[in-house]
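Student: Below is the file model.txt, with compact mmCIF, C-alpha atoms.
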```txt
# COMPACT_ATOMS: atom_id res chain seq x y z
CA MET A 379 57.26 20.45 22.16
CA ASP A 380 59.98 19.35 24.57
CA ILE A 381 63.25 19.02 22.63
CA LYS A 382 65.73 16.56 24.12
CA SER A 383 68.67 16.70 21.69
CA VAL A 384 69.62 18.03 18.23
CA VAL A 385 72.60 17.10 16.05
CA ILE A 386 73.32 18.20 12.47
CA HIS A 387 75.80 16.54 10.10
CA GLU A 388 76.54 17.41 6.47
CA ILE A 389 77.00 15.13 3.48
CA LYS A 390 78.54 16.93 0.50
CA LYS A 391 77.64 15.33 -2.81
CA GLN A 392 76.69 16.80 -6.15
CA GLU A 393 74.05 15.23 -8.37
CA THR A 394 75.25 13.29 -11.49
CA VAL A 395 78.69 12.57 -9.99
CA THR A 396 80.05 9.91 -7.65
CA GLY A 397 82.00 10.44 -4.47
CA ALA A 398 80.90 12.19 -1.28
CA GLU A 399 82.34 13.98 1.75
CA LEU A 400 81.04 13.86 5.29
CA PHE A 401 81.31 16.56 7.95
CA LEU A 402 80.52 15.16 11.37
CA THR A 403 79.84 17.36 14.37
CA THR A 404 80.96 16.13 17.77
CA SER A 405 78.47 17.89 20.02
CA GLU A 406 74.77 18.67 20.24
CA LEU A 407 73.25 22.03 19.47
CA ASP A 408 71.82 24.03 22.37
CA LYS A 409 68.31 22.57 22.63
CA ASP A 410 67.13 25.57 24.65
CA ASN A 411 68.18 28.11 22.01
CA ALA A 412 65.15 29.88 20.50
CA ASP A 413 66.43 29.44 16.93
CA VAL A 414 67.02 25.72 17.43
CA LYS A 415 63.53 25.33 18.88
CA ALA A 416 62.04 27.21 15.93
CA ILE A 417 63.85 25.03 13.38
CA ILE A 418 62.76 21.72 14.95
CA SER A 419 59.19 22.91 15.48
CA SER A 420 58.99 24.08 11.87
CA LEU A 421 60.42 20.81 10.54
CA ASP A 422 57.95 18.75 12.57
CA GLU A 423 55.04 20.94 11.46
CA SER A 424 56.11 20.74 7.82
CA PHE A 425 56.47 16.96 8.17
CA SER A 426 52.94 16.64 9.56
CA LYS A 427 51.47 18.50 6.60
CA LYS A 428 52.73 15.95 4.07
CA THR A 429 51.41 12.53 3.09
CA ILE A 430 52.78 10.16 5.72
CA ARG A 431 53.52 6.52 4.95
CA ARG A 432 53.72 4.12 7.89
CA ALA A 433 55.95 1.09 8.29
CA LYS A 434 58.03 -0.97 10.69
CA PHE A 435 61.73 -1.77 10.78
CA ALA A 436 63.35 -4.53 8.79
CA ASP A 437 66.40 -6.16 10.40
CA ASP A 438 68.93 -3.76 8.89
CA GLY A 439 69.18 0.04 8.75
CA PHE A 440 68.48 1.96 11.96
CA LYS A 441 67.65 -1.22 13.84
CA SER A 442 71.15 -2.59 13.32
CA ALA A 443 72.79 0.73 14.22
CA ILE A 444 70.78 1.53 17.36
CA THR A 445 71.00 -1.20 19.98
CA ASP A 446 68.76 0.48 22.56
CA PHE A 447 65.93 2.76 21.45
CA LYS A 448 65.20 3.64 25.09
CA ASN A 449 68.61 5.23 25.66
CA ILE A 450 69.88 6.92 22.50
CA ASN A 451 73.25 8.69 22.47
CA LEU A 452 72.33 10.96 19.58
CA VAL A 453 75.85 12.23 18.84
CA ALA A 454 77.26 8.70 18.46
CA VAL A 455 74.20 7.18 16.79
CA SER A 456 73.75 10.02 14.31
CA ALA A 457 77.44 9.92 13.35
CA ALA A 458 77.25 6.20 12.61
CA LEU A 459 74.05 6.61 10.60
CA ALA A 460 75.40 9.61 8.67
CA GLN A 461 78.50 7.61 7.75
CA LYS A 462 76.28 4.75 6.60
CA LEU A 463 74.20 7.07 4.39
CA LYS A 464 77.30 8.69 2.92
CA ASP A 465 78.72 5.26 2.06
CA GLY A 466 75.38 4.26 0.56
CA ILE A 467 74.98 7.22 -1.79
CA GLN A 468 78.54 8.02 -2.85
CA ASN A 469 78.34 5.65 -5.85
CA ILE A 470 74.80 6.66 -6.88
CA PRO A 471 75.11 9.47 -9.46
CA ALA A 472 71.50 10.65 -9.02
CA ALA A 473 71.80 10.99 -5.23
CA LYS A 474 72.41 14.38 -3.63
CA GLY A 475 73.81 15.30 -0.26
CA GLY A 476 72.51 17.80 2.26
CA TYR A 477 72.23 18.56 5.95
CA LEU A 478 71.06 15.69 8.15
CA VAL A 479 69.08 17.04 11.10
CA PHE A 480 68.76 14.42 13.86
CA CYS A 481 66.54 15.22 16.84
CA THR A 482 64.71 13.61 19.73
CA TYR A 483 61.71 15.40 21.20
CA LYS A 484 58.38 14.87 22.89
CA SER A 485 55.17 16.28 21.47
CA THR A 486 52.13 13.99 21.51
CA ARG A 487 54.62 11.11 21.82
CA MET A 488 58.38 10.68 22.10
CA PHE A 489 59.99 10.81 18.65
CA LEU A 490 63.34 10.29 16.97
CA SER A 491 63.30 12.22 13.71
CA VAL A 492 65.75 12.72 10.86
CA PHE A 493 65.31 15.33 8.13
CA LEU A 494 67.46 15.66 5.00
CA VAL A 495 67.49 19.36 4.14
CA ARG A 496 69.09 20.49 0.89
CA ASN A 497 67.92 23.95 -0.05
CA THR A 498 69.54 26.71 2.00
CA SER A 499 68.66 29.60 -0.35
CA GLY A 500 72.27 29.99 -1.40
CA LYS A 501 73.48 30.42 2.17
CA LEU A 502 75.88 28.03 3.87
CA LEU A 503 75.76 26.96 7.47
CA LYS A 504 78.77 28.16 9.42
CA ARG A 505 80.80 25.86 11.58
CA ALA A 506 81.64 26.92 15.10
CA ASP A 507 85.04 25.72 16.41
CA GLY A 508 85.00 22.85 13.92
CA LYS A 509 82.81 20.72 16.18
CA THR A 510 79.28 21.96 15.63
CA TRP A 511 77.30 24.62 13.79
CA ASP A 512 77.01 28.32 14.48
CA VAL A 513 73.48 28.55 15.87
CA GLU A 514 72.58 31.73 14.00
CA SER A 515 73.49 30.18 10.64
CA ILE A 516 71.06 27.26 10.97
CA MET A 517 68.22 29.70 10.32
CA TYR A 518 69.25 29.48 6.66
CA LEU A 519 67.84 25.94 6.54
CA ASP A 520 64.78 25.93 4.30
CA VAL A 521 62.66 23.78 6.59
CA ASP A 522 59.54 23.98 4.43
CA HIS A 523 61.28 22.25 1.56
CA PHE A 524 63.23 19.42 3.16
CA ALA A 525 63.92 16.59 0.73
CA MET A 526 63.14 13.53 2.84
CA GLY A 527 62.26 12.73 6.40
CA VAL A 528 61.54 9.95 8.85
CA ARG A 529 59.90 10.15 12.26
CA ILE A 530 60.01 7.19 14.64
CA ASN A 531 57.43 6.92 17.41
CA LEU A 532 59.64 5.66 20.22
CA ASP A 533 56.72 5.14 22.62
CA VAL A 534 55.09 2.67 20.22
CA LEU A 535 58.40 1.06 19.21
CA ASN A 536 59.33 0.42 22.85
CA SER A 537 55.89 -0.95 23.75
CA GLU A 538 54.06 -4.20 23.04
CA SER A 539 51.81 -2.48 20.49
CA ASP A 540 51.53 -3.93 17.00
CA ASP A 541 51.06 -0.46 15.49
CA ARG A 542 53.46 0.85 12.87
CA TYR A 543 55.97 3.26 14.40
CA ILE A 544 57.91 4.55 11.38
CA HIS A 545 56.50 7.60 9.60
CA LEU A 546 58.02 8.46 6.21
CA VAL A 547 57.26 11.48 4.08
CA LYS A 548 57.90 12.27 0.46
CA GLY A 549 58.95 15.89 0.84
CA ASN A 550 59.04 17.53 -2.58
CA THR A 551 60.00 14.33 -4.37
CA ASP A 552 59.32 10.62 -4.00
CA ILE A 553 61.17 8.94 -1.18
CA SER A 554 64.35 7.62 -2.75
CA ASP A 555 65.08 3.93 -2.46
CA TYR A 556 68.45 4.66 -0.88
CA PHE A 557 66.75 6.62 1.92
CA GLU A 558 64.34 3.78 2.66
CA ASN A 559 67.21 1.27 2.57
CA TRP A 560 69.17 3.48 4.95
CA VAL A 561 66.28 3.58 7.43
CA GLY A 562 65.62 -0.13 6.95
CA VAL A 563 61.91 -0.32 6.16
CA ASP A 564 59.64 -3.36 6.13
CA ASP A 565 57.07 -2.06 3.65
CA THR A 566 54.43 -4.76 4.19
CA LYS A 567 51.04 -3.28 3.30
CA GLN A 568 48.27 -3.36 5.91
CA GLU A 569 45.36 -2.14 3.82
CA ALA A 570 42.74 -4.01 5.88
CA LYS A 571 44.00 -2.24 8.99
CA ASP A 572 44.00 1.09 7.16
CA GLY A 573 40.43 0.48 5.97
CA ASP A 574 39.28 -0.35 9.51
CA ALA A 575 40.95 2.81 10.80
CA LEU A 576 39.22 4.97 8.18
CA TYR A 577 35.88 3.43 9.11
CA GLU A 578 36.57 4.24 12.77
CA ILE A 579 37.35 7.82 11.74
CA ALA A 580 34.07 8.03 9.82
CA ASN A 581 32.21 6.87 12.95
CA LYS A 582 33.84 9.33 15.37
CA ILE A 583 35.28 12.44 13.69
CA ASP A 584 33.32 15.69 13.73
CA LEU A 585 30.87 15.87 10.85
CA PRO A 586 31.53 18.46 8.13
CA GLU A 587 29.70 21.74 8.58
CA GLY A 588 26.06 21.47 7.55
CA MET A 589 26.03 17.66 7.63
CA ALA A 590 23.69 16.12 10.21
CA ASP A 591 23.86 12.41 9.33
CA ARG A 592 26.97 10.26 9.74
CA ASP A 593 25.71 7.87 7.06
CA VAL A 594 25.96 10.77 4.61
CA LEU A 595 29.63 11.16 5.50
CA LYS A 596 30.25 7.45 4.90
CA LYS A 597 28.42 7.61 1.57
CA GLN A 598 30.56 10.57 0.51
CA ILE A 599 33.69 8.59 1.35
CA PHE A 600 32.37 5.64 -0.64
CA ASP A 601 31.53 7.80 -3.67
CA TYR A 602 34.90 9.57 -3.51
CA VAL A 603 36.89 6.32 -3.48
CA ASN A 604 34.62 4.34 -5.79
CA GLY A 605 34.95 7.04 -8.42
CA ARG A 606 38.68 6.42 -8.66
CA PRO A 607 39.75 3.51 -10.90
CA SER A 608 42.72 2.74 -8.64
CA LYS A 609 40.60 2.94 -5.44
CA ILE A 610 43.55 4.72 -3.81
CA VAL A 611 42.74 6.93 -0.81
CA ASN A 612 45.01 9.86 -0.02
CA LEU A 613 43.94 11.08 3.42
CA ARG A 614 44.96 14.68 2.83
CA LYS A 615 43.04 14.88 -0.45
CA LEU A 616 40.03 13.12 1.09
CA SER A 617 40.14 15.55 4.00
CA ASP A 618 40.17 18.50 1.63
CA TYR A 619 37.24 16.98 -0.30
CA LEU A 620 35.13 16.45 2.83
CA TYR A 621 36.13 19.41 5.00
CA LYS A 622 37.85 21.87 2.67
CA ASP A 623 40.77 21.40 5.08
CA SER A 624 43.58 19.01 4.15
CA ASP A 625 44.80 18.87 7.77
CA LYS A 626 41.51 17.89 9.43
CA ILE A 627 41.76 14.08 9.21
CA ALA A 628 45.54 13.99 9.79
CA THR A 629 45.14 16.12 12.92
CA TYR A 630 42.39 13.82 14.20
CA CYS A 631 44.61 10.77 13.62
CA ALA A 632 47.53 12.37 15.48
CA GLU A 633 45.38 13.45 18.42
CA ASN A 634 43.84 9.97 18.74
CA ASP A 635 46.96 7.88 18.02
CA LEU A 636 45.40 6.15 15.01
CA ASP A 637 47.67 3.88 13.00
CA ILE A 638 46.65 4.62 9.40
CA ASP A 639 48.73 5.08 6.26
CA GLY A 640 48.54 8.42 4.51
CA GLU A 641 47.74 6.68 1.22
CA PHE A 642 46.33 3.19 0.68
CA LYS A 643 43.97 1.12 -1.45
CA LEU A 644 40.37 0.74 -0.26
CA SER A 645 38.35 -1.81 -2.21
CA GLY A 646 36.14 -4.89 -1.91
CA ALA A 647 34.47 -5.47 1.43
CA GLN A 648 36.52 -2.70 3.05
CA LEU A 649 34.95 -0.17 0.69
CA LYS A 650 31.45 -1.63 0.68
CA LYS A 651 31.03 -1.26 4.43
CA PHE A 652 30.85 2.51 3.99
CA VAL A 653 27.40 2.16 2.40
CA LYS A 654 24.24 0.51 3.72
CA VAL A 655 22.90 -2.80 2.46
CA SER A 656 19.53 -2.12 0.83
CA VAL A 657 17.40 -5.07 -0.33
CA THR A 658 13.77 -5.24 -1.49
CA ALA A 659 12.02 -8.59 -1.99
CA GLY A 660 8.53 -9.96 -1.47
CA GLY A 661 7.18 -6.54 -0.65
CA ILE A 662 9.67 -6.10 2.19
CA LYS A 663 12.51 -3.56 2.19
CA LEU A 664 15.51 -4.07 4.45
CA GLU A 665 18.17 -1.37 4.80
CA ALA A 666 20.99 -1.40 7.35
CA SER A 667 24.68 -0.68 7.68
CA ARG A 668 26.92 -3.70 7.11
CA GLU A 669 28.09 -3.71 10.71
CA LYS A 670 24.53 -4.72 11.73
CA PHE A 671 24.91 -8.04 9.89
CA SER A 672 26.19 -10.39 12.59
CA ALA A 673 25.06 -13.26 14.78
CA SER A 674 23.74 -10.74 17.32
CA GLY A 675 22.09 -8.46 14.76
CA ILE A 676 20.85 -9.43 11.30
CA SER A 677 21.67 -12.91 10.02
CA VAL A 678 20.48 -15.47 7.47
CA SER A 679 19.81 -19.09 8.40
CA GLU A 680 22.17 -21.77 7.10
CA ASP A 681 19.63 -23.00 4.54
CA GLY A 682 19.05 -19.42 3.36
CA SER A 683 15.30 -19.49 3.97
CA ILE A 684 15.01 -17.30 7.07
CA VAL A 685 16.26 -13.81 7.93
CA HIS A 686 16.76 -13.23 11.66
CA ILE A 687 16.65 -9.66 12.99
CA ARG A 688 17.54 -9.35 16.67
CA SER A 689 16.42 -5.87 17.68
CA LYS A 690 14.04 -5.12 20.55
CA GLU A 691 13.74 -1.51 19.36
CA LEU A 692 12.61 -2.67 15.92
CA ALA A 693 10.22 -5.23 17.43
CA ASP A 694 8.65 -2.57 19.66
CA ALA A 695 8.29 -0.17 16.73
CA ILE A 696 6.60 -2.85 14.61
CA LYS A 697 4.15 -3.68 17.42
CA GLU A 698 3.19 -0.02 17.75
CA ASN A 699 2.34 0.18 14.07
CA LEU A 700 0.34 -3.04 13.72
```
Please express the file's structure as C-alpha cells.
Tutor:
Amino acid sequence: MDIKSVVIHEIKKQETVTGAELFLTTSELDKDNADVKAIISSLDESFSKKTIRRAKFADDGFKSAITDFKNINLVAVSAALAQKLKDGIQNIPAAKGGYLVFCTYKSTRMFLSVFLVRNTSGKLLKRADGKTWDVESIMYLDVDHFAMGVRINLDVLNSESDDRYIHLVKGNTDISDYFENWVGVDDTKQEAKDGDALYEIANKIDLPEGMADRDVLKKQIFDYVNGRPSKIVNLRKLSDYLYKDSDKIATYCAENDLDIDGEFKLSGAQLKKFVKVSVTAGGIKLEASREKFSASGISVSEDGSIVHIRSKELADAIKENL
C-alpha cells in the first residue's frame, strides 16, 4: 500500500442529545510514520472483510464538495466534508460523533477512503500543537470496529468506465441514512449486472477442493440461492458455504476488478442460468447449459417444430456411434 495523505478530524456528539462540536486539524499526519501506515492498512483490511455495497454518486454530497477528483487537497476537502457531516447530524438525537479518518492511497487501485471510528477503548487521542494529532495516540483507534466507512475507487471514477466506484460497508451496524446522504449515494440497483458478474465468477474462479466439475459449482450456487425465500445472495456467506472461507470470492473480485455488489437478489433468468436445461421428449434427451441456447448454438425454429443444434463436435460424435 502506498499512502499519499492522511487527515483526522473529530466530531464530538453524544447519542440521544442534539448539538455537536467539531475539531478540525490543519495539517496531514506523517504518511511515512510506521504507526500511521499500520492504522490505514488495518482499516483497509477490516473494510475489505465486510459486506461491501456498491454505488455511484448522486449530484450532492462528496460530488458537490470535491470539484476535481484527480487533484484532491485532502486537508481542505476533508475539513469541508467534516463540517458538512457535523451540520447534518447535530439535530439527529440518535446520531453519534467520532473520529473521521480521511486518506488517499494506492493498493490495487487509487482510493479515497473515509472511516468513522468511535470506539477508542476509553483512551482519547492527543492533540499535538492544536493543529493535528499526536501520532502515538492514534494507535488507540479501534480499527477493527469502525462504525461506518466509504471507499471511492478514483481510477474508475476518473475513467470512462460504467462500473460503480463507491464502496460502502456496514461496520458493526447498518449504514445510517445520514452517512449515505453525506456521501451522496445514487442507490440504483443493478441486479442483472451483479448476476452476470457472479456467473463470470462461477466460470473462472478456482474450484473448491475436491470438486472437479464446474457445473457442480454452478449447481451448488443455484441450490444455495434457490433455497432462500428472498433469493438474496451475500457473497461472503456464499463464499463460506462453497469454500469454507468467507474471503475467497471477495479476494477474487478485488484481484480481477469485478464490479459486483456484496449482497443482491438473484432470481428469474439470472438464477436459472446456473443450472443446465434438461429436456426429454420423443425418446430424445437434450441437456445443455443455458449459454448454449443461441443463434450459433442450440435454437428452435420460429414455428416451434425444429430444434437446430450447431455443433461439429456433436455431429462427429454422433457419426462415430451410428
Student: Point out the residue among A:Arg431, A:Lys390, A:His686, A:Arg496 with the least atom-to-atom distance to Asn612 in chain A, counting only C-alpha atoms.
Tutor: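 For Asn612 in chain A, the nearest of the given residues is A:Arg431.
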Student: Check the smallest atom-to-atom distance from each of A:Met379, A:Ile696, A:Ala472, A:Ala433 to Thr394 in chain A using all atoms listed in the file, then report the winner.
Tutor: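 The closest residue to Thr394 in chain A is A:Ala472.
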Student: Need the shell around Leu546 in chain A: protein/DNA/RNA residues with any atom at most 10 Å away, counting all atoms listed in the file. Skip same-chain ones fewer than 6 positions apart. Format as a PyMOL selection string?
Tutor: chain A and resi 425+428-433+491-492+526-530+553+557-558+561+563+639-640
Student: Of the candidates A:Ala666, A:Leu400, A:Cys631, A:Leu620, which shows the shortest atom-to-atom distance to Asp593 in chain A, using only C-alpha atoms?
Tutor: A:Ala666
Student: My list of candidates is A:Ser617, A:Asn634, A:Asn559, A:Ser672. Which is closest to Gly439 in chain A when distances are computed with only C-alpha atoms?
Tutor: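 For Gly439 in chain A, the nearest of the candidates is A:Asn559.
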Student: Applying 9 Å and all atoms listed in the file, which residues near Asp408 in chain A remain after dropping the ones on its own chain fewer than 2 positions away? List them as a list in words.
Tutor: Ser383, Val384, Glu406, Asp410, Asn411, Val414 and Val513 of chain A
Student: Dump C-alpha atoms for the selected residues as a short mmCIF file (atom, residue, chain, number, x, y, z; two decimals), keeping the file's coordinate frame?
Tutor:
```cif
data_model
loop_
_atom_site.label_atom_id
_atom_site.label_comp_id
_atom_site.auth_asym_id
_atom_site.auth_seq_id
_atom_site.Cartn_x
_atom_site.Cartn_y
_atom_site.Cartn_z
CA SER A 383 68.67 16.70 21.69
CA VAL A 384 69.62 18.03 18.23
CA GLU A 406 74.77 18.67 20.24
CA ASP A 410 67.13 25.57 24.65
CA ASN A 411 68.18 28.11 22.01
CA VAL A 414 67.02 25.72 17.43
CA VAL A 513 73.48 28.55 15.87
#
```
Student: Taking 5 positions as the minimum chain separation for residues in the same chain, which residues sit within 10 Å of Pro471 in chain A when counting only C-alpha atoms? Answer as an MDAnalysis selection string.
Tutor: chainID A and resid 391:397
Student: Counting all atoms listed in the file, figure out which residue out of A:Trp511, A:Phe493, A:Val479, A:Asp438 gets nearest to Ser405 in chain A.
Tutor: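 Among A:Trp511, A:Phe493, A:Val479, A:Asp438, it is A:Trp511 that comes nearest to Ser405 in chain A.
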Student: By how many Å are CA of Phe480 in chain A and CA of Ala398 in chain A apart?
Tutor: 19.5 Å
Student: Show me, as a list in words, the residues that have an atom within 12 Å of Val534 in chain A when counting only C-alpha atoms, minus same-chain residues fewer than 2 positions from it.
Tutor: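 Residues near the query, excluding close chain neighbours: Lys434, Phe447, Lys448, Thr486, Arg487, Met488, Phe489, Leu490, Arg529, Ile530, Asn531, Leu532, Asn536, Ser537, Glu538, Ser539, Asp540, Asp541, Arg542, Tyr543, Ile544, His545, Asp635, Leu636 and Asp637 of chain A.
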Student: Can you work out which one of A:Ile467, A:Val385, A:Ala454, A:Ala443 has the shortest atom-to-atom distance to Cys481 in chain A, counting only C-alpha atoms?
Tutor: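 Checking each candidate against Cys481 in chain A, we get A:Val385 as the closest.
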Student: Could you write out as AutoDock Vina command-line options the box around range 615-634 of chain A (axis-aligned, all atoms listed in the file, 6 Å on each side), with centre and edge lengths in Å to one decimal?
Tutor:
```
--center_x 41.3 --center_y 15.9 --center_z 9.1 --size_x 24.4 --size_y 23.9 --size_z 31.2
```
Student: Quote the spacing between CA of Tyr630 in chain A and CA of Lys615 in chain A in Å to one decimal place.
Tutor: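 CA of Lys615 in chain A lies at a distance of 14.7 Å from CA of Tyr630 in chain A.
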